[in-house]
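Undergrad: Before we start, here is the structure in question, set down as structure tokens.
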Amino acid sequence: MDDQKEVTVQNYKGWEDFYNIEKSDKLDFFMRDGRMIDILFAQQFDRSFLDSMCRLATQIRRMALTKVGARKLSSLLSHKRAMLYFVQPSTRTFISFLNACHILGLKISEIRGTTTSSEVKGESQEDTIRTFASYVDLIIIRHPEAGFAEKTAWILNQNKLPVAVINGGSGPDQHPTQALLDIYTLEQSFRNIGGLDGKKIAMVGDLKRGRTVRSLSYLMRNYKDITLYFVSPEIFQMKDDIKSFLKKHRIEFHETDDFAGVMPHVDAIYMTRIQKEYSEAPAQESDIYPNFHFTKEHLAVIQSHCIVLHPLPRRYEIEVEVDKDPRAVYWKQERNGMWMRTALISYIFGVADKIAVEFK
Amino acid sequence: MDDQKEVTVQNYKGWEDFYNIEKSDKLDFFMRDGRMIDILFAQQFDRSFLDSMCRLATQIRRMALTKVGARKLSSLLSHKRAMLYFVQPSTRTFISFLNACHILGLKISEIRGTTTSSEVKGESQEDTIRTFASYVDLIIIRHPEAGFAEKTAWILNQNKLPVAVINGGSGPDQHPTQALLDIYTLEQSFRNIGGLDGKKIAMVGDLKRGRTVRSLSYLMRNYKDITLYFVSPEIFQMKDDIKSFLKKHRIEFHETDDFAGVMPHVDAIYMTRIQKEYSEAPAQESDIYPNFHFTKEHLAVIQSHCIVLHPLPRRYEIEVEVDKDPRAVYWKQERNGMWMRTALISYIFGVADKIAVEFK
Amino acid sequence: MDDQKEVTVQNYKGWEDFYNIEKSDKLDFFMRDGRMIDILFAQQFDRSFLDSMCRLATQIRRMALTKVGARKLSSLLSHKRAMLYFVQPSTRTFISFLNACHILGLKISEIRGTTTSSEVKGESQEDTIRTFASYVDLIIIRHPEAGFAEKTAWILNQNKLPVAVINGGSGPDQHPTQALLDIYTLEQSFRNIGGLDGKKIAMVGDLKRGRTVRSLSYLMRNYKDITLYFVSPEIFQMKDDIKSFLKKHRIEFHETDDFAGVMPHVDAIYMTRIQKEYSEAPAQESDIYPNFHFTKEHLAVIQSHCIVLHPLPRRYEIEVEVDKDPRAVYWKQERNGMWMRTALISYIFGVADKIAVEFK
């Protein structure tokens, strides 16, 4: 095995150097013809991009409602092929991406699970990636290793392979399409009251390990006058890196464990689940922190325009009875994931303008 | 876990009430715009529906033989998306439905196996179903739990989600598309001798647990002057619920263990397999009941128009040499499953008239 | 179980006889309307077929580069359905075939893994195959059993089922599409220096069990003045059956363990991996035979037109640094697999002429 290891290390030398570059300094590396070709981390998104993706997602959603529109969408990329490479299981994200591809007519290869037969035969990770890239135009990756999707994009770009990469979640690290769909849901819900700018958002639950709320916090620098409330038990407080980031970008935030006190004052409540999966010393099943749950009684307490979000799946954090209230937008948020991913894929392949033209 | 259970029970209260309503009293709940939108149990089918589905299946089968016809079919629903949710494995039924969808051009998401990653994360069954419904237009379900497909349709209808549901087999309970394909095969085989009305049908084997023969018996009330022969070892006799149903609807039936005696007198012989899967005290491999097998010698005994059916897969019940006889229709019956499922899906989505117009 | 066995043996009697016929004497059995309908073993290919497949693969590769061409290709067989039946895992071959089907628009059913639910229920192999054939127009099979794909084609032809079969690798036996893509890569690389005729080819590594080099050796009889160099450790020497075949067809070959000595004189070097999978007494991980590796130093030794091939996946046999040299064609070879399989499928379904017409 020593032989094998040497080969690997030698090849990775360039990658390790690249990985340590500040994300903001390498955005151009993932662009081609003036467009992002690889969607890897939330730092790639500026306000103009976020706004145009939200617009595009809405256009696609409306087009898909009509038979003519749905048929037109399904032919846009029917000559393209994508691979869903999901090393880490995630039924929800998988099906959301799969159907986003289906809406646009892409043909799909699925690799689910941890090992391919080639890995069994001793193939290196790099060779496996190059192989997948031999057959398709787009690789959507979910992987437990932080930076894996970025490494894939780096390998393909180094080898001048014209294959796009989307990060569908890389361990505790990044989940950029989730951040996009959260932004979209916030903007959409606030469209009649000035959009996301100037709003107060409570993030509730396991903020320490919750990838979703971390990514969303990063994106807040693109919006004006945001106030964040980090509401969690002490052991699940938001980490310092995010707090430093917010201070640097002068984004107001408050930390508290008083959910009831915060509730009446905010415009949006982003509930999260205790993430058993990434836990090293996992919370007990009994540790369900009822003070950080949202119940039907709370519906009387929050503002009439205040929306409730959740990345799903949920367990106890939101009572089922809450679902019926129009301010409970998490089911819409889930569906928005499919529309936003459809928007993103049509952007990457340069057919967004063919959708926009429908709405002139 | 108690918290979780309470939520579930609370939510199910409405469902349990609904489930206990007589099936014939809730048919409207599964209709929209004058069409069935959910196909859940054989009690939904009346003679007019059965006749039109048989006609449609034949039209589709013929269209698919020509390149022009096959291409037209494959574009009919190319803008729609379906999910095959097969919690209980069944390669045959899965591939039959999958290819029915392919014939009409639907895009497919597959969930095979017992657990999704969200269930691992503690998501409730209801939430999982709502999630699936977020992404697709049709869910085809196979599940070991009686009533599960009906519950799915109920949840989606309660939440006003415009997603169709087809029951692809729910445990020992119902398998309505199997019943449809059986009817189609009988009608098709008897098309030159007056159709299914007035025929004598022997059902042979494990009638106690055989879902297929149970569903088919229910559907007999739609046909005139049917006589049924239930041929089985004593321990596998047809259950009382079916026999009461037949008496109520004045359908003649006889029970016997004398297969040889019945054979020469019937128009159709429906062979079944001993169902090991649902067995609580399973039959031994050695219990193969040779008196209830159909062998090549029997071909000389049955009538010249008498057909032999089997839901497949078979084990010992029908000798391989029988296959070559034109009266052995089980392979045609299997293929009819695909055509009938294609007919059903095109009916649900309201494109049946676009097929029929070809045959004016 | 005895009952079951008897049935099986009875049914196989005809097959065993057929299987023992010389391959060259049964080519017609796998043809229809003047075309091969089943692609099972390399002995089916003559020079004219090989040349036309290489031409067709190039035409498809070029068409797929343009949007108009890619769209035309993806509609050619959009009304056809294929099944990928991969009992033996092989991610690479699977994805290559899958995307070949996608390029032509075929709809795909996937069966991966060793057991289907019907096999669990005691269904015979023949019945499973007939079932699969009920639903699709093409079955692509990978199976650990030598002759399995041929048996499938035989069963389907015996039952007059108009379903094509492609062998995607049958144990240690045959892998005809790999042989085709190897030929294509050789012909393509030598297109400016007279093609494959007259060339010297070194095959390196485990020649004893390497299915790839065995198939390629067989195909050499279709080319003029080929010289082969079998370069291997003594325990992995090419078997006598191939050597007899080459002698019979007067193809020059040399055996040696002196890779360094052969290297400067040949036009192509076909590297292979030690095949752990089929090993009965497996080579130790430590037995990596460095004298049979190709390193970056060797690039200075080989001729300027000499190409390096590998069926992939690789382990130690070729240093990663070699990849950048234009003479390292194994990544192109891998991608050629997809083009060649696309060519083959379009040939089987009789749409090759619709591709060729584009290039008049």
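Order determines the names: the first chain of the structure tokens is A, the second B, and so forth; residues in each chain are numbered 1 upward, and ligands are numbered 1 upward as they are shown.
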What parts of stretch 184-264 of chain B does DSSP call helix (DSSP H, G or I)? I'd like the answer as JSON, numbers by chain.
TA: {"B": [184, 185, 186, 187, 188, 189, 211, 212, 213, 214, 215, 216, 217, 218, 219, 220, 221, 222, 234, 235, 236, 240, 241, 242, 243, 244, 245, 246, 247, 248, 259, 260, 261, 262, 263, 264]}
Undergrad: Quick check for you: according to DSSP on this backbone, which residues of stretch 97-297 of chain A are classed as strand (DSSP E)? Reply as a ChimeraX atom specification.
TA: /A:107-112,138-143,164-170,200-204,227-231,252-256,268-271
Undergrad: Quick one: distance from atom CA of A:Ile103 to atom CA of B:Leu138 in Å, one decimal?
TA: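 Interatomic distance, atom CA of A:Ile103 to atom CA of B:Leu138: 14.4 Å.
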Undergrad: Give me, as a tab-separated table, each residue of chain B that comes within 8 Å of chain C, together with its shortest interatomic pair and the distance in Å at one decimal, counting only C-alpha atoms, with rows ordered by chain and rising residue number.
TA:
residue	atom	partner	partner_atom	distance
B:Lys67	CA	C:His79	CA	7.4
B:Ala70	CA	C:His79	CA	5.5
B:Arg71	CA	C:His79	CA	5.2
B:Ser74	CA	C:His79	CA	6.1
B:Pro89	CA	C:Ser117	CA	6.1
B:Ser90	CA	C:Ser117	CA	5.6
B:Thr91	CA	C:Ser117	CA	5.6
B:Arg92	CA	C:Ser118	CA	7.2
B:Ile95	CA	C:Ser109	CA	6.9
B:Ser96	CA	C:Tyr135	CA	6.7
B:Leu98	CA	C:Ser109	CA	7.3
B:Asn99	CA	C:Tyr135	CA	6.4
B:His102	CA	C:Lys107	CA	6.2
B:Ile103	CA	C:His79	CA	7.3
B:Lys276	CA	C:Lys121	CA	7.8
B:Glu285	CA	C:Met1	CA	7.4
B:Ser286	CA	C:Met1	CA	7.8
B:Pro313	CA	C:Glu123	CA	5.8
B:Arg314	CA	C:Glu123	CA	6.0
B:Arg315	CA	C:Glu123	CA	5.8
B:Tyr316	CA	C:Gln4	CA	6.8
B:Glu319	CA	C:Val7	CA	7.6
B:Val320	CA	C:Val7	CA	7.1
B:Trp331	CA	C:Thr131	CA	7.8
B:Glu334	CA	C:Ser134	CA	7.3
B:Arg335	CA	C:Ser134	CA	5.5
B:Met338	CA	C:Tyr135	CA	7.2
Undergrad: Can you write out the residues you just picked, keeping N, CA and C atoms, as a PDB file, in the first residue's frame?
TA:
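Saved result, selection.pdb, follows:
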ATOM      1  N   LYS B  67     -43.394   2.533 -35.048  1.00  0.00           N
ATOM      2  CA  LYS B  67     -42.450   3.553 -34.603  1.00  0.00           C
ATOM      3  C   LYS B  67     -43.165   4.874 -34.348  1.00  0.00           C
ATOM      4  N   ALA B  70     -45.210   4.471 -31.136  1.00  0.00           N
ATOM      5  CA  ALA B  70     -44.355   4.411 -29.950  1.00  0.00           C
ATOM      6  C   ALA B  70     -43.807   5.795 -29.615  1.00  0.00           C
ATOM      7  N   ARG B  71     -43.436   6.549 -30.645  1.00  0.00           N
ATOM      8  CA  ARG B  71     -42.911   7.900 -30.413  1.00  0.00           C
ATOM      9  C   ARG B  71     -43.988   8.827 -29.872  1.00  0.00           C
ATOM     10  N   SER B  74     -44.545   8.051 -26.260  1.00  0.00           N
ATOM     11  CA  SER B  74     -43.448   8.446 -25.362  1.00  0.00           C
ATOM     12  C   SER B  74     -43.371   9.955 -25.153  1.00  0.00           C
ATOM     13  N   PRO B  89     -39.888  -5.370  -1.614  1.00  0.00           N
ATOM     14  CA  PRO B  89     -39.277  -5.648  -2.911  1.00  0.00           C
ATOM     15  C   PRO B  89     -40.196  -6.442  -3.823  1.00  0.00           C
ATOM     16  N   SER B  90     -40.171  -6.130  -5.087  1.00  0.00           N
ATOM     17  CA  SER B  90     -40.887  -6.901  -6.108  1.00  0.00           C
ATOM     18  C   SER B  90     -40.330  -6.494  -7.457  1.00  0.00           C
ATOM     19  N   THR B  91     -39.302  -7.199  -7.889  1.00  0.00           N
ATOM     20  CA  THR B  91     -38.631  -6.847  -9.132  1.00  0.00           C
ATOM     21  C   THR B  91     -39.610  -6.776 -10.292  1.00  0.00           C
ATOM     22  N   ARG B  92     -40.485  -7.783 -10.387  1.00  0.00           N
ATOM     23  CA  ARG B  92     -41.390  -7.895 -11.520  1.00  0.00           C
ATOM     24  C   ARG B  92     -42.363  -6.711 -11.580  1.00  0.00           C
ATOM     25  N   ILE B  95     -40.483  -3.389 -12.374  1.00  0.00           N
ATOM     26  CA  ILE B  95     -40.076  -3.192 -13.768  1.00  0.00           C
ATOM     27  C   ILE B  95     -41.293  -2.998 -14.666  1.00  0.00           C
ATOM     28  N   SER B  96     -42.388  -3.650 -14.334  1.00  0.00           N
ATOM     29  CA  SER B  96     -43.609  -3.488 -15.114  1.00  0.00           C
ATOM     30  C   SER B  96     -44.101  -2.039 -15.033  1.00  0.00           C
ATOM     31  N   LEU B  98     -42.300   0.583 -14.059  1.00  0.00           N
ATOM     32  CA  LEU B  98     -41.253   1.457 -14.589  1.00  0.00           C
ATOM     33  C   LEU B  98     -41.376   1.585 -16.102  1.00  0.00           C
ATOM     34  N   ASN B  99     -41.565   0.448 -16.772  1.00  0.00           N
ATOM     35  CA  ASN B  99     -41.635   0.502 -18.223  1.00  0.00           C
ATOM     36  C   ASN B  99     -42.969   1.056 -18.720  1.00  0.00           C
ATOM     37  N   HIS B 102     -42.165   4.552 -18.707  1.00  0.00           N
ATOM     38  CA  HIS B 102     -41.257   4.841 -19.819  1.00  0.00           C
ATOM     39  C   HIS B 102     -42.001   4.931 -21.147  1.00  0.00           C
ATOM     40  N   ILE B 103     -42.986   4.056 -21.322  1.00  0.00           N
ATOM     41  CA  ILE B 103     -43.755   4.072 -22.570  1.00  0.00           C
ATOM     42  C   ILE B 103     -44.404   5.429 -22.784  1.00  0.00           C
ATOM     43  N   LYS B 276     -44.896 -18.199   0.289  1.00  0.00           N
ATOM     44  CA  LYS B 276     -44.026 -18.276   1.460  1.00  0.00           C
ATOM     45  C   LYS B 276     -43.896 -16.939   2.195  1.00  0.00           C
ATOM     46  N   GLU B 285     -40.518 -26.672   2.313  1.00  0.00           N
ATOM     47  CA  GLU B 285     -40.135 -26.782   0.908  1.00  0.00           C
ATOM     48  C   GLU B 285     -40.658 -28.095   0.319  1.00  0.00           C
ATOM     49  N   SER B 286     -40.772 -29.116   1.189  1.00  0.00           N
ATOM     50  CA  SER B 286     -41.199 -30.426   0.691  1.00  0.00           C
ATOM     51  C   SER B 286     -42.705 -30.462   0.409  1.00  0.00           C
ATOM     52  N   PRO B 313     -44.010 -14.919 -10.122  1.00  0.00           N
ATOM     53  CA  PRO B 313     -43.178 -16.041 -10.564  1.00  0.00           C
ATOM     54  C   PRO B 313     -43.748 -17.393 -10.178  1.00  0.00           C
ATOM     55  N   ARG B 314     -43.422 -18.404 -10.980  1.00  0.00           N
ATOM     56  CA  ARG B 314     -43.872 -19.769 -10.678  1.00  0.00           C
ATOM     57  C   ARG B 314     -42.711 -20.552 -10.079  1.00  0.00           C
ATOM     58  N   ARG B 315     -43.051 -21.600  -9.410  1.00  0.00           N
ATOM     59  CA  ARG B 315     -42.035 -22.570  -9.002  1.00  0.00           C
ATOM     60  C   ARG B 315     -42.355 -23.929  -9.627  1.00  0.00           C
ATOM     61  N   TYR B 316     -43.102 -24.746  -8.913  1.00  0.00           N
ATOM     62  CA  TYR B 316     -43.371 -26.080  -9.463  1.00  0.00           C
ATOM     63  C   TYR B 316     -44.754 -26.188 -10.063  1.00  0.00           C
ATOM     64  N   GLU B 319     -45.545 -26.949 -15.189  1.00  0.00           N
ATOM     65  CA  GLU B 319     -44.384 -27.522 -15.848  1.00  0.00           C
ATOM     66  C   GLU B 319     -43.938 -26.627 -17.007  1.00  0.00           C
ATOM     67  N   VAL B 320     -42.634 -26.476 -17.169  1.00  0.00           N
ATOM     68  CA  VAL B 320     -42.090 -25.604 -18.212  1.00  0.00           C
ATOM     69  C   VAL B 320     -42.584 -26.018 -19.606  1.00  0.00           C
ATOM     70  N   TRP B 331     -47.393 -15.814 -19.885  1.00  0.00           N
ATOM     71  CA  TRP B 331     -46.361 -14.857 -20.329  1.00  0.00           C
ATOM     72  C   TRP B 331     -47.002 -13.637 -20.978  1.00  0.00           C
ATOM     73  N   GLU B 334     -48.319 -11.519 -18.188  1.00  0.00           N
ATOM     74  CA  GLU B 334     -47.273 -10.693 -17.577  1.00  0.00           C
ATOM     75  C   GLU B 334     -47.063  -9.416 -18.384  1.00  0.00           C
ATOM     76  N   ARG B 335     -46.960  -9.581 -19.681  1.00  0.00           N
ATOM     77  CA  ARG B 335     -46.766  -8.419 -20.543  1.00  0.00           C
ATOM     78  C   ARG B 335     -47.993  -7.508 -20.532  1.00  0.00           C
ATOM     79  N   MET B 338     -47.899  -4.635 -18.107  1.00  0.00           N
ATOM     80  CA  MET B 338     -47.286  -3.378 -18.538  1.00  0.00           C
ATOM     81  C   MET B 338     -48.275  -2.536 -19.343  1.00  0.00           C
TER      82      MET B 338
END
Undergrad: Any idea what's packed within 9 Å of stretch 31-43 of chain A, counting only C-alpha atoms, ignoring anything in its chain fewer than 4 positions away? Could you give it as number ranges by chain?
TA: A: 23-24, 27, 147, 149-150, 153, 162-169, 173-177, 179-180, 215-216, 218-219, 344, 347-350
Undergrad: Find, counting only C-alpha atoms, the residue in C:Val204, C:Leu246, C:Ile355, C:Ala268 that gets nearest to C:Asn291.
TA: C:Val204
Undergrad: For atom CA of B:Phe236 and atom CA of B:Leu207, determine how far apart the two atoms are, in Å to one decimal place.
TA: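 Those two atoms sit 5.6 Å apart.
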Undergrad: Which residues are close to B:Ala202, i.e. within 10 Å by only C-alpha atoms, leaving aside same-chain residues fewer than 3 positions away? Reply as JSON, numbers by chain.
TA: {"B": [227, 228, 229, 230, 231, 253, 254, 255, 259, 262, 263, 265, 266, 267, 268, 269, 270, 271, 308]}
Undergrad: Excluding C:Glu252 and its own-chain neighbours fewer than 4 positions away, which residues fall within 12 Å of it when counting only C-alpha atoms? Please give them as a PyMOL selection string.
TA: chain C and resi 198-202+217+220-221+223-230+243-248
Undergrad: Restricting the output to C-alpha atoms, write the selected residues as a compact mmCIF listing (two decimals), in the first residue's frame.
TA:
# COMPACT_ATOMS: atom_id res chain seq x y z
CA GLY C 198 1.34 -3.75 -39.77
CA LYS C 199 1.75 -2.54 -36.19
CA LYS C 200 3.70 -4.03 -33.27
CA ILE C 201 1.78 -4.29 -30.02
CA ALA C 202 3.09 -5.18 -26.57
CA SER C 217 -5.58 -11.14 -29.39
CA MET C 220 -5.89 -9.53 -34.43
CA ARG C 221 -6.71 -12.10 -37.13
CA TYR C 223 -5.62 -7.20 -39.34
CA LYS C 224 -2.55 -7.63 -41.57
CA ASP C 225 1.05 -8.10 -40.44
CA ILE C 226 0.44 -7.64 -36.72
CA THR C 227 3.25 -8.55 -34.33
CA LEU C 228 2.37 -9.19 -30.69
CA TYR C 229 4.73 -9.10 -27.71
CA PHE C 230 3.42 -10.88 -24.62
CA LYS C 243 -1.16 -19.07 -28.68
CA SER C 244 -2.61 -21.96 -30.72
CA PHE C 245 -5.14 -19.58 -32.23
CA LEU C 246 -2.40 -17.13 -33.24
CA LYS C 247 -0.27 -19.91 -34.77
CA LYS C 248 -3.25 -21.20 -36.71
Undergrad: Enter the distance from atom CA of C:Thr58 to atom CA of C:Leu104, in Å, rounded to one decimal.
TA: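 Computing the Euclidean distance for atom CA of C:Thr58 and atom CA of C:Leu104 yields 14.9 Å.
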Undergrad: Give me the residues near A:Arg327 as a PDB file with N, CA and C atoms, in the first residue's frame, where near means some atom within 9 Å (using only C-alpha atoms) and where sequence neighbours in that chain fewer than 6 positions away do not count.
TA:
ATOM      1  N   SER A 189     -41.239  35.096   0.460  1.00  0.00           N
ATOM      2  CA  SER A 189     -42.232  35.332   1.507  1.00  0.00           C
ATOM      3  C   SER A 189     -42.358  36.820   1.836  1.00  0.00           C
ATOM      4  N   LEU A 299     -48.155  30.258  17.583  1.00  0.00           N
ATOM      5  CA  LEU A 299     -48.726  30.935  16.415  1.00  0.00           C
ATOM      6  C   LEU A 299     -49.451  32.220  16.826  1.00  0.00           C
ATOM      7  N   SER A 304     -47.908  38.706  12.489  1.00  0.00           N
ATOM      8  CA  SER A 304     -48.798  38.155  11.450  1.00  0.00           C
ATOM      9  C   SER A 304     -48.050  37.893  10.135  1.00  0.00           C
ATOM     10  N   HIS A 305     -46.899  38.522   9.956  1.00  0.00           N
ATOM     11  CA  HIS A 305     -46.126  38.272   8.737  1.00  0.00           C
ATOM     12  C   HIS A 305     -44.910  37.391   9.005  1.00  0.00           C
ATOM     13  N   CYS A 306     -44.740  36.980  10.240  1.00  0.00           N
ATOM     14  CA  CYS A 306     -43.524  36.216  10.600  1.00  0.00           C
ATOM     15  C   CYS A 306     -43.608  34.789  10.053  1.00  0.00           C
ATOM     16  N   ILE A 307     -42.603  34.374   9.288  1.00  0.00           N
ATOM     17  CA  ILE A 307     -42.635  33.031   8.710  1.00  0.00           C
ATOM     18  C   ILE A 307     -41.773  32.056   9.514  1.00  0.00           C
ATOM     19  N   VAL A 308     -42.145  30.787   9.442  1.00  0.00           N
ATOM     20  CA  VAL A 308     -41.404  29.727  10.127  1.00  0.00           C
ATOM     21  C   VAL A 308     -40.779  28.811   9.081  1.00  0.00           C
ATOM     22  N   LEU A 309     -39.463  28.673   9.145  1.00  0.00           N
ATOM     23  CA  LEU A 309     -38.738  27.812   8.200  1.00  0.00           C
ATOM     24  C   LEU A 309     -38.127  26.619   8.919  1.00  0.00           C
TER      25      LEU A 309
END
